[in-house]
Amino acid sequence: MDPSFVVIAGAFAVSLRCGTICLVLREGIMLNTGILTISDKGSKGQRHDKSGEVIRDILSRIESTIIKYEVVPDEREVIASKLIEWADGSGVDVILTTGGTGLGERDVTPEATLMVIDKSVPGFAEAMRAKSLEKTPMAVLSRATAGVRGKCLIINLPGSPKAVRECLEVVLPAIPHAVEIIKGEVTEHTFQDAGID
Amino acid sequence: MDPSFVVIAGAFAVSLRCGTICLVLREGIMLNTGILTISDKGSKGQRHDKSGEVIRDILSRIESTIIKYEVVPDEREVIASKLIEWADGSGVDVILTTGGTGLGERDVTPEATLMVIDKSVPGFAEAMRAKSLEKTPMAVLSRATAGVRGKCLIINLPGSPKAVRECLEVVLPAIPHAVEIIKGEVTEHTFQDAGID
Amino acid sequence: MDPSFVVIAGAFAVSLRCGTICLVLREGIMLNTGILTISDKGSKGQRHDKSGEVIRDILSRIESTIIKYEVVPDEREVIASKLIEWADGSGVDVILTTGGTGLGERDVTPEATLMVIDKSVPGFAEAMRAKSLEKTPMAVLSRATAGVRGKCLIINLPGSPKAVRECLEVVLPAIPHAVEIIKGEVTEHTFQDAGID
């Protein structure tokens, strides 16, 4: 693989999407995102959603608009219903969830996600855990998953603000291109040399 | 993430659980563990269980009591029944299995484990394989898995003594905290900054 | 683990299978391989199968014979049928697929593979993604999987020639031994110290 190509593609896809890279990407797309915070306390107004704020902050680095935001309790059916609602009828390209990925009895976000996705994309969670593992052995305890439902990418992020920041930074560079592929806005050849065909 | 916090939490949770860290962990818990060795030959008394001994040796580094130990043949139903018996009615907090994770026809430990767990915890096996991969390309051949059944954590370890040692050392630091979360003995905020909420 | 042993085993299993290593491996086996290229355009003759050529090139490094080769469209049932045909009745030891592992609507190779395998072998895909991730954050977008059906190992590779080369080189050293285990041609002790029992 030509490293210079990859570096350019990776960097420009995020930071300079309307510049030179448009020759490659055809057109910069504006991502419609949804943030779903999963927290029993948050849903009762008993806790401020710092993790949701971190996601907003990091998403501002790419061309995106947050068109959905909600805080729901750690209930599998509630989470699954919300994911379906956003993915199917709201024009949301990417749903980022935060919370409910741990080993606690109430942690059911991965199960809710697996209920609704058509295709699993294991690389997102693997990469996040591998990166976190460099900092703490506790990283193995995140049960996050990711996948595609229809034309919508769904990625679980951890619950704590610090972990959300760390993990989202790992996967952010791949999100715009992922959405372009899912929506069929990239020809199959475009990124062929980047190895993701 | 504050590296100093993580380092302290990771180290003390294992080695100084009754010292300063108790301020964080509320109280050191004594883990009740079970060792399930899966081996056709071992179950017939034709092979000494060195891998089980390695697990005992390494578990002695944390506050734990081995309350169950058994050697069973590579039979899916037998393994699954034993996991259910220990997880549901014996007060076992963590079951460590050894053996049966390879590609042989008789290797069915991951399948037996997947049959009985409520929640998958993919990070344990990913971390073990990634670490082993630094030493040998054969590491990809371990099909180990891990998950939670009720209040019990189940982790598959490989079959060979050397691999057991290597893999258990990778995940050991996360086991006590994992059990505390599973048993609900840690508040959701305690380790929030370690990114495992 | 004794590093010298591992290095020797890893290297000789690939490059000197009929030399000294035969003392360890009992006998070098000749792998019967199948290359299944999954590509809508390729199956209509509209695209040259460069990725298949890359696989041929790399397979020439180990003692193997390509006994099956075909290009099929990105249709789940077609792919699954071909995998079953080759795995069950053709003496193919290893099937390497290329293509259809991405996030596009037509990408269904992992789903077809999961339909037909008896046992999942997650380490192959984890290792390929981890290695690719060192070069590009887009590596998380490969949904490749791997597993065993009967006596046949099936591994998904990406679609682009460069990614195929990179990924196959990661897992190639483990393939001959994997096949020996699957076929029962290695005693359980042979590679015990390599940690894959």
# chains A, B, ... in the order shown; residues from 1 in each chain; ligands from 1
call {"tool": "interface_residues", "arguments": {"of": "chain B", "to": "chain C", "cutoff": "10 Å", "atoms": "only C-alpha atoms", "output": "JSON, numbers by chain"}}
result
{"B": [98, 99, 100, 101, 102, 103, 104, 105, 106, 107, 108, 110, 111, 125, 126, 129, 130, 132, 133, 135, 136, 137, 138, 139, 140, 141, 142, 143, 144, 145, 158, 159, 160, 161, 162, 163, 164, 165, 166, 167]}
call {"tool": "residues_around", "arguments": {"residues": "C:Ala80", "least_positions_apart": "3", "cutoff": "9 Å", "atoms": "only C-alpha atoms", "output": "list of chain:residue names"}}
result
C:Glu75, C:Arg76, C:Glu77, C:Leu83, C:Ile84, C:Glu85, C:Thr109, C:Glu111, C:Ala112, C:Thr113, C:Leu114, C:Met115, C:Val116
call {"tool": "residues_around", "arguments": {"residues": "stretch 52-63 of chain A", "least_positions_apart": "6", "cutoff": "8 Å", "atoms": "only C-alpha atoms", "output": "PyMOL selection string"}}
result
chain A and resi 14-15+29-31+35-37+98+161+164-165+168-169
call {"tool": "write_last_selection", "arguments": {"atoms": "N, CA and C atoms", "output": "PDB file, in the first residue's frame"}}
result
ATOM      1  N   VAL A  14     -11.116  13.937   6.566  1.00  0.00           N
ATOM      2  CA  VAL A  14     -11.621  14.536   7.794  1.00  0.00           C
ATOM      3  C   VAL A  14     -11.520  16.058   7.756  1.00  0.00           C
ATOM      4  N   SER A  15     -10.330  16.552   7.380  1.00  0.00           N
ATOM      5  CA  SER A  15     -10.084  17.960   7.633  1.00  0.00           C
ATOM      6  C   SER A  15     -10.222  18.863   6.411  1.00  0.00           C
ATOM      7  N   ILE A  29     -19.508  14.985   1.718  1.00  0.00           N
ATOM      8  CA  ILE A  29     -20.888  14.860   2.161  1.00  0.00           C
ATOM      9  C   ILE A  29     -21.005  15.406   3.578  1.00  0.00           C
ATOM     10  N   MET A  30     -22.170  15.928   3.863  1.00  0.00           N
ATOM     11  CA  MET A  30     -22.457  16.420   5.204  1.00  0.00           C
ATOM     12  C   MET A  30     -23.127  15.274   5.951  1.00  0.00           C
ATOM     13  N   LEU A  31     -22.509  14.861   7.030  1.00  0.00           N
ATOM     14  CA  LEU A  31     -23.075  13.745   7.794  1.00  0.00           C
ATOM     15  C   LEU A  31     -24.193  14.209   8.719  1.00  0.00           C
ATOM     16  N   ILE A  35     -27.002  11.369  18.407  1.00  0.00           N
ATOM     17  CA  ILE A  35     -26.320  10.977  19.644  1.00  0.00           C
ATOM     18  C   ILE A  35     -27.361  10.385  20.589  1.00  0.00           C
ATOM     19  N   LEU A  36     -27.156   9.125  20.948  1.00  0.00           N
ATOM     20  CA  LEU A  36     -28.090   8.466  21.852  1.00  0.00           C
ATOM     21  C   LEU A  36     -27.352   8.127  23.145  1.00  0.00           C
ATOM     22  N   THR A  37     -27.666   8.880  24.184  1.00  0.00           N
ATOM     23  CA  THR A  37     -27.046   8.640  25.483  1.00  0.00           C
ATOM     24  C   THR A  37     -27.912   7.669  26.273  1.00  0.00           C
ATOM     25  N   THR A  98     -23.713   6.290  23.659  1.00  0.00           N
ATOM     26  CA  THR A  98     -22.760   6.315  24.772  1.00  0.00           C
ATOM     27  C   THR A  98     -23.437   5.739  26.011  1.00  0.00           C
ATOM     28  N   PRO A 161     -16.942  10.115  29.968  1.00  0.00           N
ATOM     29  CA  PRO A 161     -16.473  11.165  29.031  1.00  0.00           C
ATOM     30  C   PRO A 161     -15.060  10.925  28.517  1.00  0.00           C
ATOM     31  N   VAL A 164     -15.085   8.035  26.086  1.00  0.00           N
ATOM     32  CA  VAL A 164     -15.767   8.433  24.855  1.00  0.00           C
ATOM     33  C   VAL A 164     -14.807   9.216  23.958  1.00  0.00           C
ATOM     34  N   ARG A 165     -14.113  10.158  24.558  1.00  0.00           N
ATOM     35  CA  ARG A 165     -13.171  10.974  23.782  1.00  0.00           C
ATOM     36  C   ARG A 165     -12.112  10.115  23.135  1.00  0.00           C
ATOM     37  N   LEU A 168     -13.745   7.665  20.419  1.00  0.00           N
ATOM     38  CA  LEU A 168     -14.280   8.303  19.218  1.00  0.00           C
ATOM     39  C   LEU A 168     -13.146   8.846  18.342  1.00  0.00           C
ATOM     40  N   GLU A 169     -12.083   9.301  18.990  1.00  0.00           N
ATOM     41  CA  GLU A 169     -10.946   9.787  18.204  1.00  0.00           C
ATOM     42  C   GLU A 169     -10.305   8.669  17.378  1.00  0.00           C
TER      43      GLU A 169
END
call {"tool": "select_by_dssp", "arguments": {"residues": "stretch 106-146 of chain B", "states": "alpha helix (DSSP H)", "output": "ChimeraX atom specification"}}
result
/B:109-116,122-133
call {"tool": "atom_distance", "arguments": {"atom1": "atom CA of B:Val94", "atom2": "atom CA of A:Lys131"}}
result
25.8 Å
call {"tool": "select_by_dssp", "arguments": {"residues": "stretch 14-192 of chain C", "states": "strand (DSSP E or B)", "output": "PyMOL selection string"}}
result
chain C and resi 31-38+64-72+94-98+119-120+146-149+152-157
call {"tool": "atom_distance", "arguments": {"atom1": "atom CA of A:Ser64", "atom2": "atom CA of C:Glu134"}}
result
26.4 Å
call {"tool": "atom_distance", "arguments": {"atom1": "atom CA of A:Ser81", "atom2": "atom CA of A:Leu96"}}
result
14.8 Å
call {"tool": "closest_residue", "arguments": {"among": "C:Pro73, C:Ile117, C:Thr97, C:Gly89", "to": "C:Ser51", "atoms": "only C-alpha atoms"}}
result
C:Thr97
call {"tool": "residues_around", "arguments": {"residues": "A:Gly91", "least_positions_apart": "5", "cutoff": "9 Å", "atoms": "only C-alpha atoms", "output": "ChimeraX atom specification"}}
result
/A:32-33,67,86,151-152
call {"tool": "write_last_selection", "arguments": {"atoms": "all heavy atoms", "output": "PDB file, in the first residue's frame"}}
result
ATOM      1  N   ASN A  32     -25.293  13.490   8.686  1.00  0.00           N
ATOM      2  CA  ASN A  32     -26.347  13.709   9.667  1.00  0.00           C
ATOM      3  C   ASN A  32     -26.152  12.710  10.796  1.00  0.00           C
ATOM      4  O   ASN A  32     -26.193  11.499  10.571  1.00  0.00           O
ATOM      5  CB  ASN A  32     -27.728  13.501   9.038  1.00  0.00           C
ATOM      6  CG  ASN A  32     -28.091  14.626   8.096  1.00  0.00           C
ATOM      7  OD1 ASN A  32     -27.724  15.776   8.324  1.00  0.00           O
ATOM      8  ND2 ASN A  32     -28.810  14.295   7.032  1.00  0.00           N
ATOM      9  N   THR A  33     -25.895  13.218  11.977  1.00  0.00           N
ATOM     10  CA  THR A  33     -25.581  12.320  13.085  1.00  0.00           C
ATOM     11  C   THR A  33     -26.666  12.354  14.165  1.00  0.00           C
ATOM     12  O   THR A  33     -27.427  13.313  14.297  1.00  0.00           O
ATOM     13  CB  THR A  33     -24.239  12.705  13.739  1.00  0.00           C
ATOM     14  OG1 THR A  33     -24.338  14.033  14.236  1.00  0.00           O
ATOM     15  CG2 THR A  33     -23.118  12.629  12.724  1.00  0.00           C
ATOM     16  N   ILE A  67     -28.574  15.891  14.170  1.00  0.00           N
ATOM     17  CA  ILE A  67     -30.006  16.102  13.934  1.00  0.00           C
ATOM     18  C   ILE A  67     -30.886  15.344  14.926  1.00  0.00           C
ATOM     19  O   ILE A  67     -32.096  15.542  14.956  1.00  0.00           O
ATOM     20  CB  ILE A  67     -30.412  15.725  12.480  1.00  0.00           C
ATOM     21  CG1 ILE A  67     -30.217  14.221  12.215  1.00  0.00           C
ATOM     22  CG2 ILE A  67     -29.646  16.575  11.470  1.00  0.00           C
ATOM     23  CD1 ILE A  67     -30.827  13.771  10.887  1.00  0.00           C
ATOM     24  N   TRP A  86     -34.543   6.120  14.409  1.00  0.00           N
ATOM     25  CA  TRP A  86     -33.575   7.037  13.808  1.00  0.00           C
ATOM     26  C   TRP A  86     -32.994   6.487  12.505  1.00  0.00           C
ATOM     27  O   TRP A  86     -32.793   7.217  11.541  1.00  0.00           O
ATOM     28  CB  TRP A  86     -32.441   7.332  14.790  1.00  0.00           C
ATOM     29  CG  TRP A  86     -32.845   8.214  15.946  1.00  0.00           C
ATOM     30  CD1 TRP A  86     -34.102   8.682  16.223  1.00  0.00           C
ATOM     31  CD2 TRP A  86     -31.984   8.720  16.973  1.00  0.00           C
ATOM     32  NE1 TRP A  86     -34.077   9.442  17.364  1.00  0.00           N
ATOM     33  CE2 TRP A  86     -32.786   9.486  17.851  1.00  0.00           C
ATOM     34  CE3 TRP A  86     -30.632   8.601  17.253  1.00  0.00           C
ATOM     35  CZ2 TRP A  86     -32.257  10.139  18.977  1.00  0.00           C
ATOM     36  CZ3 TRP A  86     -30.112   9.246  18.360  1.00  0.00           C
ATOM     37  CH2 TRP A  86     -30.922  10.005  19.214  1.00  0.00           C
ATOM     38  N   LYS A 151     -29.249   2.186   5.777  1.00  0.00           N
ATOM     39  CA  LYS A 151     -28.231   3.133   5.327  1.00  0.00           C
ATOM     40  C   LYS A 151     -27.591   3.868   6.498  1.00  0.00           C
ATOM     41  O   LYS A 151     -27.001   4.949   6.316  1.00  0.00           O
ATOM     42  CB  LYS A 151     -28.871   4.154   4.373  1.00  0.00           C
ATOM     43  CG  LYS A 151     -29.418   3.554   3.070  1.00  0.00           C
ATOM     44  CD  LYS A 151     -28.307   3.008   2.186  1.00  0.00           C
ATOM     45  CE  LYS A 151     -28.833   2.517   0.837  1.00  0.00           C
ATOM     46  NZ  LYS A 151     -27.793   1.755   0.108  1.00  0.00           N
ATOM     47  N   CYS A 152     -27.733   3.322   7.677  1.00  0.00           N
ATOM     48  CA  CYS A 152     -27.262   4.009   8.886  1.00  0.00           C
ATOM     49  C   CYS A 152     -26.206   3.197   9.627  1.00  0.00           C
ATOM     50  O   CYS A 152     -26.378   2.010   9.892  1.00  0.00           O
ATOM     51  CB  CYS A 152     -28.465   4.258   9.802  1.00  0.00           C
ATOM     52  SG  CYS A 152     -28.058   5.122  11.322  1.00  0.00           S
TER      53      CYS A 152
END
call {"tool": "residues_around", "arguments": {"residues": "C:Asp40", "least_positions_apart": "4", "cutoff": "7 Å", "atoms": "only C-alpha atoms", "output": "ChimeraX atom specification"}}
result
/C:44,72-74
